[in-house]
file protein_37.cif (mmCIF, C-alpha atoms)
data_protein
loop_
_atom_site.label_atom_id
_atom_site.label_comp_id
_atom_site.auth_asym_id
_atom_site.auth_seq_id
_atom_site.Cartn_x
_atom_site.Cartn_y
_atom_site.Cartn_z
CA MET A 1 137.48 39.77 137.25
CA THR A 2 134.57 38.80 135.03
CA ILE A 3 132.21 41.65 134.15
CA ARG A 4 128.66 40.66 133.37
CA PRO A 5 126.69 43.73 132.24
CA MET A 6 123.31 41.99 132.62
CA ASN A 7 124.03 41.52 136.34
CA PHE A 8 124.69 45.26 136.57
CA LEU A 9 121.38 45.93 134.88
CA LYS A 10 119.45 43.63 137.20
CA THR A 11 120.94 45.19 140.32
CA SER A 12 120.89 48.72 138.83
CA THR A 13 124.52 49.34 139.73
CA PHE A 14 125.42 51.85 137.03
CA ALA A 15 127.68 54.87 137.01
CA VAL A 16 128.61 55.81 133.56
CA THR A 17 130.82 57.76 131.21
CA ALA A 18 131.27 56.56 127.56
CA MET A 19 133.77 58.03 125.26
CA LEU A 20 134.72 58.58 121.66
CA LEU A 21 138.29 57.46 121.09
CA VAL A 22 139.45 60.43 119.01
CA THR A 23 141.37 61.80 121.97
CA ALA A 24 143.14 60.13 124.85
CA PRO A 25 140.82 59.35 127.78
CA LEU A 26 140.95 61.46 130.92
CA SER A 27 143.21 60.17 133.65
CA LEU A 28 140.20 58.41 135.09
CA ALA A 29 141.74 57.54 138.44
CA ALA A 30 143.01 61.10 138.98
CA THR A 31 140.99 63.50 141.12
CA PHE A 32 140.01 66.58 139.15
CA ASN A 33 138.76 69.84 140.64
CA VAL A 34 135.16 70.46 139.58
CA GLU A 35 134.40 74.11 138.77
CA SER A 36 131.70 76.26 137.15
CA VAL A 37 128.89 73.73 137.68
CA ALA A 38 125.48 74.63 136.22
CA THR A 39 122.28 72.56 136.10
CA HIS A 40 120.21 72.20 132.92
CA GLY A 41 117.17 69.98 133.53
CA HIS A 42 118.51 66.41 133.91
CA TRP A 43 121.99 67.52 132.79
CA GLN A 44 124.85 69.54 134.24
CA SER A 45 127.78 71.35 132.65
CA MET A 46 131.15 71.93 134.33
CA ALA A 47 134.89 72.38 134.05
CA LEU A 48 137.37 69.78 135.35
CA THR A 49 140.90 70.92 136.17
CA LEU A 50 144.06 69.26 137.40
CA GLY A 51 147.15 71.45 137.22
CA GLU A 52 147.42 72.64 133.61
CA GLU A 53 144.97 69.98 132.38
CA ARG A 54 141.46 71.27 131.63
CA HIS A 55 138.44 69.30 130.45
CA PHE A 56 134.80 70.31 130.05
CA ARG A 57 131.78 68.09 130.53
CA ALA A 58 128.04 67.95 129.91
CA VAL A 59 126.74 65.06 132.03
CA GLU A 60 123.43 63.28 132.71
CA THR A 61 123.14 61.83 136.23
CA HIS A 62 119.33 61.57 136.41
CA SER A 63 118.42 58.27 134.73
CA TYR A 64 120.43 55.95 137.00
CA SER A 65 121.52 56.51 140.59
CA ASP A 66 124.91 54.98 139.83
CA ALA A 67 125.35 55.79 136.15
CA THR A 68 126.34 58.81 134.10
CA LEU A 69 126.47 59.64 130.41
CA SER A 70 128.56 62.57 129.27
CA ILE A 71 129.88 64.58 126.36
CA ASN A 72 133.44 65.75 127.06
CA ALA A 73 135.94 68.11 125.48
CA THR A 74 139.54 69.02 126.20
CA GLN A 75 141.06 72.48 126.12
CA GLU A 76 142.88 73.24 122.83
CA VAL A 77 141.02 70.41 121.03
CA CYS A 78 137.42 71.52 121.68
CA ASP A 79 136.43 70.36 118.18
CA LEU A 80 137.09 66.71 119.15
CA PRO A 81 134.44 65.94 121.81
CA TRP A 82 133.75 62.39 122.97
CA LEU A 83 130.85 60.46 124.47
CA GLU A 84 131.51 58.52 127.68
CA MET A 85 129.51 56.16 129.89
CA ARG A 86 130.58 55.07 133.38
CA VAL A 87 129.24 52.28 135.64
CA THR A 88 130.24 52.23 139.33
CA LEU A 89 131.68 48.93 140.54
CA ALA A 90 131.69 47.60 144.10
CA GLN A 91 135.40 48.31 144.63
CA GLN A 92 138.39 50.12 143.23
CA GLN A 93 140.14 48.25 140.45
CA GLY A 94 143.69 46.96 140.85
CA GLU A 95 144.70 47.38 137.22
CA SER A 96 143.97 49.32 134.07
CA ARG A 97 142.82 47.01 131.29
CA ALA A 98 140.45 46.47 128.41
CA VAL A 99 137.84 43.93 129.49
CA ASN A 100 135.89 43.41 126.27
CA LEU A 101 134.97 44.90 122.87
CA VAL A 102 131.29 44.50 121.99
CA PRO A 103 128.96 45.49 119.14
CA THR A 104 126.76 48.36 120.30
CA ARG A 105 123.72 50.18 118.96
CA LEU A 106 122.95 53.79 119.75
CA ARG A 107 119.76 55.65 118.88
CA ILE A 108 118.24 59.02 119.67
CA GLY A 109 114.45 59.10 119.33
CA ASP A 110 113.32 58.03 115.87
CA ASN A 111 116.64 58.83 114.20
CA PRO A 112 118.50 56.01 112.44
CA ILE A 113 120.32 53.48 114.60
CA VAL A 114 124.08 53.95 114.82
CA ASP A 115 125.91 50.61 114.80
CA THR A 116 129.29 50.90 116.50
CA MET A 117 131.64 49.15 118.91
CA ALA A 118 132.16 49.83 122.60
CA GLU A 119 135.31 48.97 124.50
CA PHE A 120 134.76 48.19 128.18
CA ILE A 121 137.72 49.20 130.35
CA THR A 122 138.73 49.60 133.98
CA GLU A 123 141.32 52.00 135.42
CA ARG A 124 143.63 51.23 138.33
CA GLY A 125 142.52 52.96 141.54
CA ASP A 126 139.11 53.82 140.08
CA ASP A 127 135.82 52.14 141.01
CA GLY A 128 134.42 52.80 137.54
CA PHE A 129 133.68 50.54 134.61
CA TYR A 130 133.92 52.58 131.40
CA ALA A 131 132.47 52.09 127.95
CA HIS A 132 134.42 53.85 125.20
CA PHE A 133 132.51 54.21 121.95
CA TYR A 134 134.06 54.17 118.49
CA LEU A 135 132.01 56.90 116.77
CA SER A 136 132.81 58.62 113.49
CA ASP A 137 130.20 61.41 113.37
CA MET A 138 130.08 63.22 116.71
CA GLU A 139 128.73 66.39 115.09
CA THR A 140 125.50 64.65 114.03
CA LEU A 141 125.21 62.82 117.34
CA ILE A 142 125.55 66.06 119.32
CA ALA A 143 122.97 67.79 117.10
CA GLU A 144 120.53 64.92 117.67
CA MET A 145 121.19 64.94 121.42
CA GLN A 146 120.39 68.66 121.58
CA SER A 147 116.97 68.15 120.01
CA GLY A 148 116.09 64.61 121.19
CA GLU A 149 114.29 63.33 124.28
CA GLN A 150 116.11 60.06 125.03
CA LEU A 151 119.32 58.27 124.06
CA PHE A 152 119.11 54.49 123.85
CA LEU A 153 122.11 52.16 124.12
CA GLY A 154 122.11 48.43 123.39
CA PHE A 155 125.16 46.27 124.07
CA ASP A 156 125.37 42.88 122.34
CA GLN A 157 125.88 39.88 124.64
CA GLY A 158 126.11 37.08 122.12
CA GLU A 159 123.51 34.43 122.88
CA GLN A 160 122.04 36.39 125.79
CA GLU A 161 119.57 39.24 125.50
CA PRO A 162 121.24 42.61 124.76
CA TRP A 163 122.00 44.90 127.70
CA TYR A 164 119.95 48.10 127.29
CA MET A 165 120.26 51.51 128.88
CA THR A 166 118.22 54.68 128.32
CA PHE A 167 119.33 58.20 129.21
CA SER A 168 117.22 61.35 129.37
CA LEU A 169 118.16 64.22 127.06
CA GLU A 170 116.15 66.85 128.95
CA GLY A 171 118.53 69.79 129.23
CA ALA A 172 121.24 68.17 127.10
CA GLY A 173 121.14 70.95 124.49
CA ASN A 174 121.85 73.73 126.99
CA ALA A 175 124.43 71.65 128.86
CA ILE A 176 126.33 70.78 125.67
CA GLN A 177 126.24 74.36 124.42
CA ARG A 178 127.61 75.64 127.74
CA MET A 179 130.28 72.93 127.82
CA GLN A 180 131.37 73.96 124.31
CA SER A 181 131.40 77.65 125.29
CA LEU A 182 133.48 76.94 128.41
CA CYS A 183 135.96 74.97 126.34
CA SER A 184 136.20 77.57 123.57
CA GLY A 185 136.52 80.40 126.09
CA ALA A 186 139.29 78.59 127.95
CA SER A 187 141.13 77.87 124.73
CA LEU A 188 140.88 81.51 123.66
CA THR A 189 142.15 82.82 126.98
CA GLU A 190 145.09 80.42 126.88
CA ALA A 191 145.94 81.05 123.22
CA PRO A 192 149.28 82.78 122.57
CA ALA A 193 149.14 86.41 121.50
CA PRO A 194 149.52 86.95 117.74
CA PRO A 195 152.96 88.12 116.63
CA GLY A 196 153.51 91.76 116.76
#
call {"tool": "encode", "arguments": {"input": "protein_37.cif", "output": "structure tokens"}}
result
Amino acid sequence: MTIRPMNFLKTSTFAVTAMLLVTAPLSLAATFNVESVATHGHWQSMALTLGEERHFRAVETHSYSDATLSINATQEVCDLPWLEMRVTLAQQQGESRAVNLVPTRLRIGDNPIVDTMAEFITERGDDGFYAHFYLSDMETLIAEMQSGEQLFLGFDQGEQEPWYMTFSLEGAGNAIQRMQSLCSGASLTEAPAPPG
């Protein structure tokens, strides 16, 4: 399968989730139970559970009908959130694989551009195309997202024009704060009692 992001852009077939690779990705093809959903402007916050596995998400679904951008955290490692973008494909994928690694630029408002790399991957049994971002300073990015208006992404395509996407940050601050609170609260309730 050849993935051509510019074709996705032209046909507006996006469904997104991009992620910082400081933790293992969610089992993307697994079906998680969605709980505690709240709306914050163009964003939502929620908990995702599957057996003992618990993740927490702040997600923007407003900018594209078939694209999402999210900040995610996992119970017990709430201090290691990641950014994820997901694009919906026409069919479920037959294998999990890395498709490409491309230079990427990320910018929030007038803040400095962050030059990074994004790994495009597919997951078996999932109709998503994922971009995983190699980011070193999530704390600053999250702070900028909470006060910014838009997040801009630009994916390098060699000799072709870059592939651009723009996501609204309206409500991101409240959604991220609630996602962090849900994660911290879950971690506290699951923490072992101190010795006696």
call {"tool": "residues_around", "arguments": {"input": "protein_37.cif", "residues": "Ser181 of chain A", "least_positions_apart": "2", "cutoff": "12 Å", "atoms": "all atoms listed in the file", "output": "number ranges by chain"}}
result
A: 36, 45-47, 56-58, 73-75, 78-79, 174-179, 183-188
call {"tool": "write_last_selection", "arguments": {"input": "protein_37.cif", "atoms": "C-alpha atoms", "output": "compact mmCIF listing (two decimals), in the coordinates of the input"}}
result
# COMPACT_ATOMS: atom_id res chain seq x y z
CA SER A 36 131.70 76.26 137.15
CA SER A 45 127.78 71.35 132.65
CA MET A 46 131.15 71.93 134.33
CA ALA A 47 134.89 72.38 134.05
CA PHE A 56 134.80 70.31 130.05
CA ARG A 57 131.78 68.09 130.53
CA ALA A 58 128.04 67.95 129.91
CA ALA A 73 135.94 68.11 125.48
CA THR A 74 139.54 69.02 126.20
CA GLN A 75 141.06 72.48 126.12
CA CYS A 78 137.42 71.52 121.68
CA ASP A 79 136.43 70.36 118.18
CA ASN A 174 121.85 73.73 126.99
CA ALA A 175 124.43 71.65 128.86
CA ILE A 176 126.33 70.78 125.67
CA GLN A 177 126.24 74.36 124.42
CA ARG A 178 127.61 75.64 127.74
CA MET A 179 130.28 72.93 127.82
CA CYS A 183 135.96 74.97 126.34
CA SER A 184 136.20 77.57 123.57
CA GLY A 185 136.52 80.40 126.09
CA ALA A 186 139.29 78.59 127.95
CA SER A 187 141.13 77.87 124.73
CA LEU A 188 140.88 81.51 123.66
call {"tool": "atom_distance", "arguments": {"input": "protein_37.cif", "atom1": "atom CA of Gly148 of chain A", "atom2": "atom CA of Met165 of chain A"}}
result
15.8 Å
call {"tool": "closest_residue", "arguments": {"input": "protein_37.cif", "among": "A:Gln157, A:Gln150, A:Asn72, A:Thr122", "to": "Thr104 of chain A", "atoms": "only C-alpha atoms"}}
result
A:Gln157
call {"tool": "residues_around", "arguments": {"input": "protein_37.cif", "residues": "Leu141 of chain A", "least_positions_apart": "5", "cutoff": "12 Å", "atoms": "all atoms listed in the file", "output": "ChimeraX atom specification"}}
result
/A:20,71,81-83,106-109,111-114,135-136,146-148,151,172-173,176
call {"tool": "atom_distance", "arguments": {"input": "protein_37.cif", "atom1": "atom CA of His42 of chain A", "atom2": "atom CA of Phe155 of chain A"}}
result
23.4 Å
call {"tool": "atom_distance", "arguments": {"input": "protein_37.cif", "atom1": "atom CA of Ser96 of chain A", "atom2": "atom CA of Val37 of chain A"}}
result
28.9 Å
call {"tool": "closest_residue", "arguments": {"input": "protein_37.cif", "among": "A:Met145, A:His55, A:Trp43, A:Leu50", "to": "Leu182 of chain A", "atoms": "all atoms listed in the file"}}
result
A:His55
call {"tool": "resolve_selection", "arguments": {"input": "protein_37.cif", "expression": "the PyMOL selection byres ((chain A and resi 90) around 10)", "output": "MDAnalysis selection string"}}
result
chainID A and resid 13 87:89 91:93 127:128
call {"tool": "axis_aligned_box", "arguments": {"input": "protein_37.cif", "around": "segment 97-108 of chain A", "padding_each_side": "8 Å", "output": "JSON"}}
result
{"center_x": 130.5, "center_y": 51.2, "center_z": 125.1, "size_x": 40.6, "size_y": 31.6, "size_z": 28.4}
call {"tool": "build_atoms", "arguments": {"input": "protein_37.cif", "residues": "segment 45-58 of chain A", "atoms": "N, CA, C and O atoms", "output": "PDB file, keeping the file's coordinate frame"}}
result
ATOM      1  N   SER A  45     126.562  71.019 133.387  1.00  0.00           N
ATOM      2  CA  SER A  45     127.780  71.350 132.650  1.00  0.00           C
ATOM      3  C   SER A  45     128.810  71.832 133.671  1.00  0.00           C
ATOM      4  O   SER A  45     128.445  72.381 134.714  1.00  0.00           O
ATOM      5  N   MET A  46     130.102  71.604 133.359  1.00  0.00           N
ATOM      6  CA  MET A  46     131.150  71.930 134.330  1.00  0.00           C
ATOM      7  C   MET A  46     132.515  71.930 133.676  1.00  0.00           C
ATOM      8  O   MET A  46     132.678  71.460 132.554  1.00  0.00           O
ATOM      9  N   ALA A  47     133.479  72.442 134.431  1.00  0.00           N
ATOM     10  CA  ALA A  47     134.890  72.380 134.050  1.00  0.00           C
ATOM     11  C   ALA A  47     135.597  71.450 135.026  1.00  0.00           C
ATOM     12  O   ALA A  47     135.264  71.416 136.217  1.00  0.00           O
ATOM     13  N   LEU A  48     136.563  70.685 134.534  1.00  0.00           N
ATOM     14  CA  LEU A  48     137.370  69.780 135.350  1.00  0.00           C
ATOM     15  C   LEU A  48     138.824  70.179 135.174  1.00  0.00           C
ATOM     16  O   LEU A  48     139.315  70.234 134.040  1.00  0.00           O
ATOM     17  N   THR A  49     139.511  70.465 136.270  1.00  0.00           N
ATOM     18  CA  THR A  49     140.900  70.920 136.170  1.00  0.00           C
ATOM     19  C   THR A  49     141.801  70.095 137.073  1.00  0.00           C
ATOM     20  O   THR A  49     141.397  69.635 138.141  1.00  0.00           O
ATOM     21  N   LEU A  50     143.021  69.918 136.616  1.00  0.00           N
ATOM     22  CA  LEU A  50     144.060  69.260 137.400  1.00  0.00           C
ATOM     23  C   LEU A  50     145.389  69.831 136.908  1.00  0.00           C
ATOM     24  O   LEU A  50     145.850  69.483 135.825  1.00  0.00           O
ATOM     25  N   GLY A  51     145.953  70.758 137.673  1.00  0.00           N
ATOM     26  CA  GLY A  51     147.150  71.450 137.220  1.00  0.00           C
ATOM     27  C   GLY A  51     146.860  72.227 135.948  1.00  0.00           C
ATOM     28  O   GLY A  51     145.913  73.011 135.889  1.00  0.00           O
ATOM     29  N   GLU A  52     147.619  71.974 134.896  1.00  0.00           N
ATOM     30  CA  GLU A  52     147.420  72.640 133.610  1.00  0.00           C
ATOM     31  C   GLU A  52     146.360  71.950 132.754  1.00  0.00           C
ATOM     32  O   GLU A  52     145.945  72.469 131.720  1.00  0.00           O
ATOM     33  N   GLU A  53     145.924  70.770 133.167  1.00  0.00           N
ATOM     34  CA  GLU A  53     144.970  69.980 132.380  1.00  0.00           C
ATOM     35  C   GLU A  53     143.554  70.500 132.618  1.00  0.00           C
ATOM     36  O   GLU A  53     143.119  70.651 133.758  1.00  0.00           O
ATOM     37  N   ARG A  54     142.825  70.762 131.515  1.00  0.00           N
ATOM     38  CA  ARG A  54     141.460  71.270 131.630  1.00  0.00           C
ATOM     39  C   ARG A  54     140.537  70.522 130.668  1.00  0.00           C
ATOM     40  O   ARG A  54     140.817  70.415 129.480  1.00  0.00           O
ATOM     41  N   HIS A  55     139.450  69.993 131.232  1.00  0.00           N
ATOM     42  CA  HIS A  55     138.440  69.300 130.450  1.00  0.00           C
ATOM     43  C   HIS A  55     137.086  69.933 130.778  1.00  0.00           C
ATOM     44  O   HIS A  55     136.912  70.555 131.828  1.00  0.00           O
ATOM     45  N   PHE A  56     136.128  69.720 129.888  1.00  0.00           N
ATOM     46  CA  PHE A  56     134.800  70.310 130.050  1.00  0.00           C
ATOM     47  C   PHE A  56     133.779  69.222 129.770  1.00  0.00           C
ATOM     48  O   PHE A  56     133.955  68.401 128.870  1.00  0.00           O
ATOM     49  N   ARG A  57     132.715  69.216 130.566  1.00  0.00           N
ATOM     50  CA  ARG A  57     131.780  68.090 130.530  1.00  0.00           C
ATOM     51  C   ARG A  57     130.342  68.561 130.588  1.00  0.00           C
ATOM     52  O   ARG A  57     129.992  69.467 131.342  1.00  0.00           O
ATOM     53  N   ALA A  58     129.498  67.886 129.792  1.00  0.00           N
ATOM     54  CA  ALA A  58     128.040  67.950 129.910  1.00  0.00           C
ATOM     55  C   ALA A  58     127.626  66.547 130.314  1.00  0.00           C
ATOM     56  O   ALA A  58     127.926  65.583 129.599  1.00  0.00           O
TER      57      ALA A  58
END
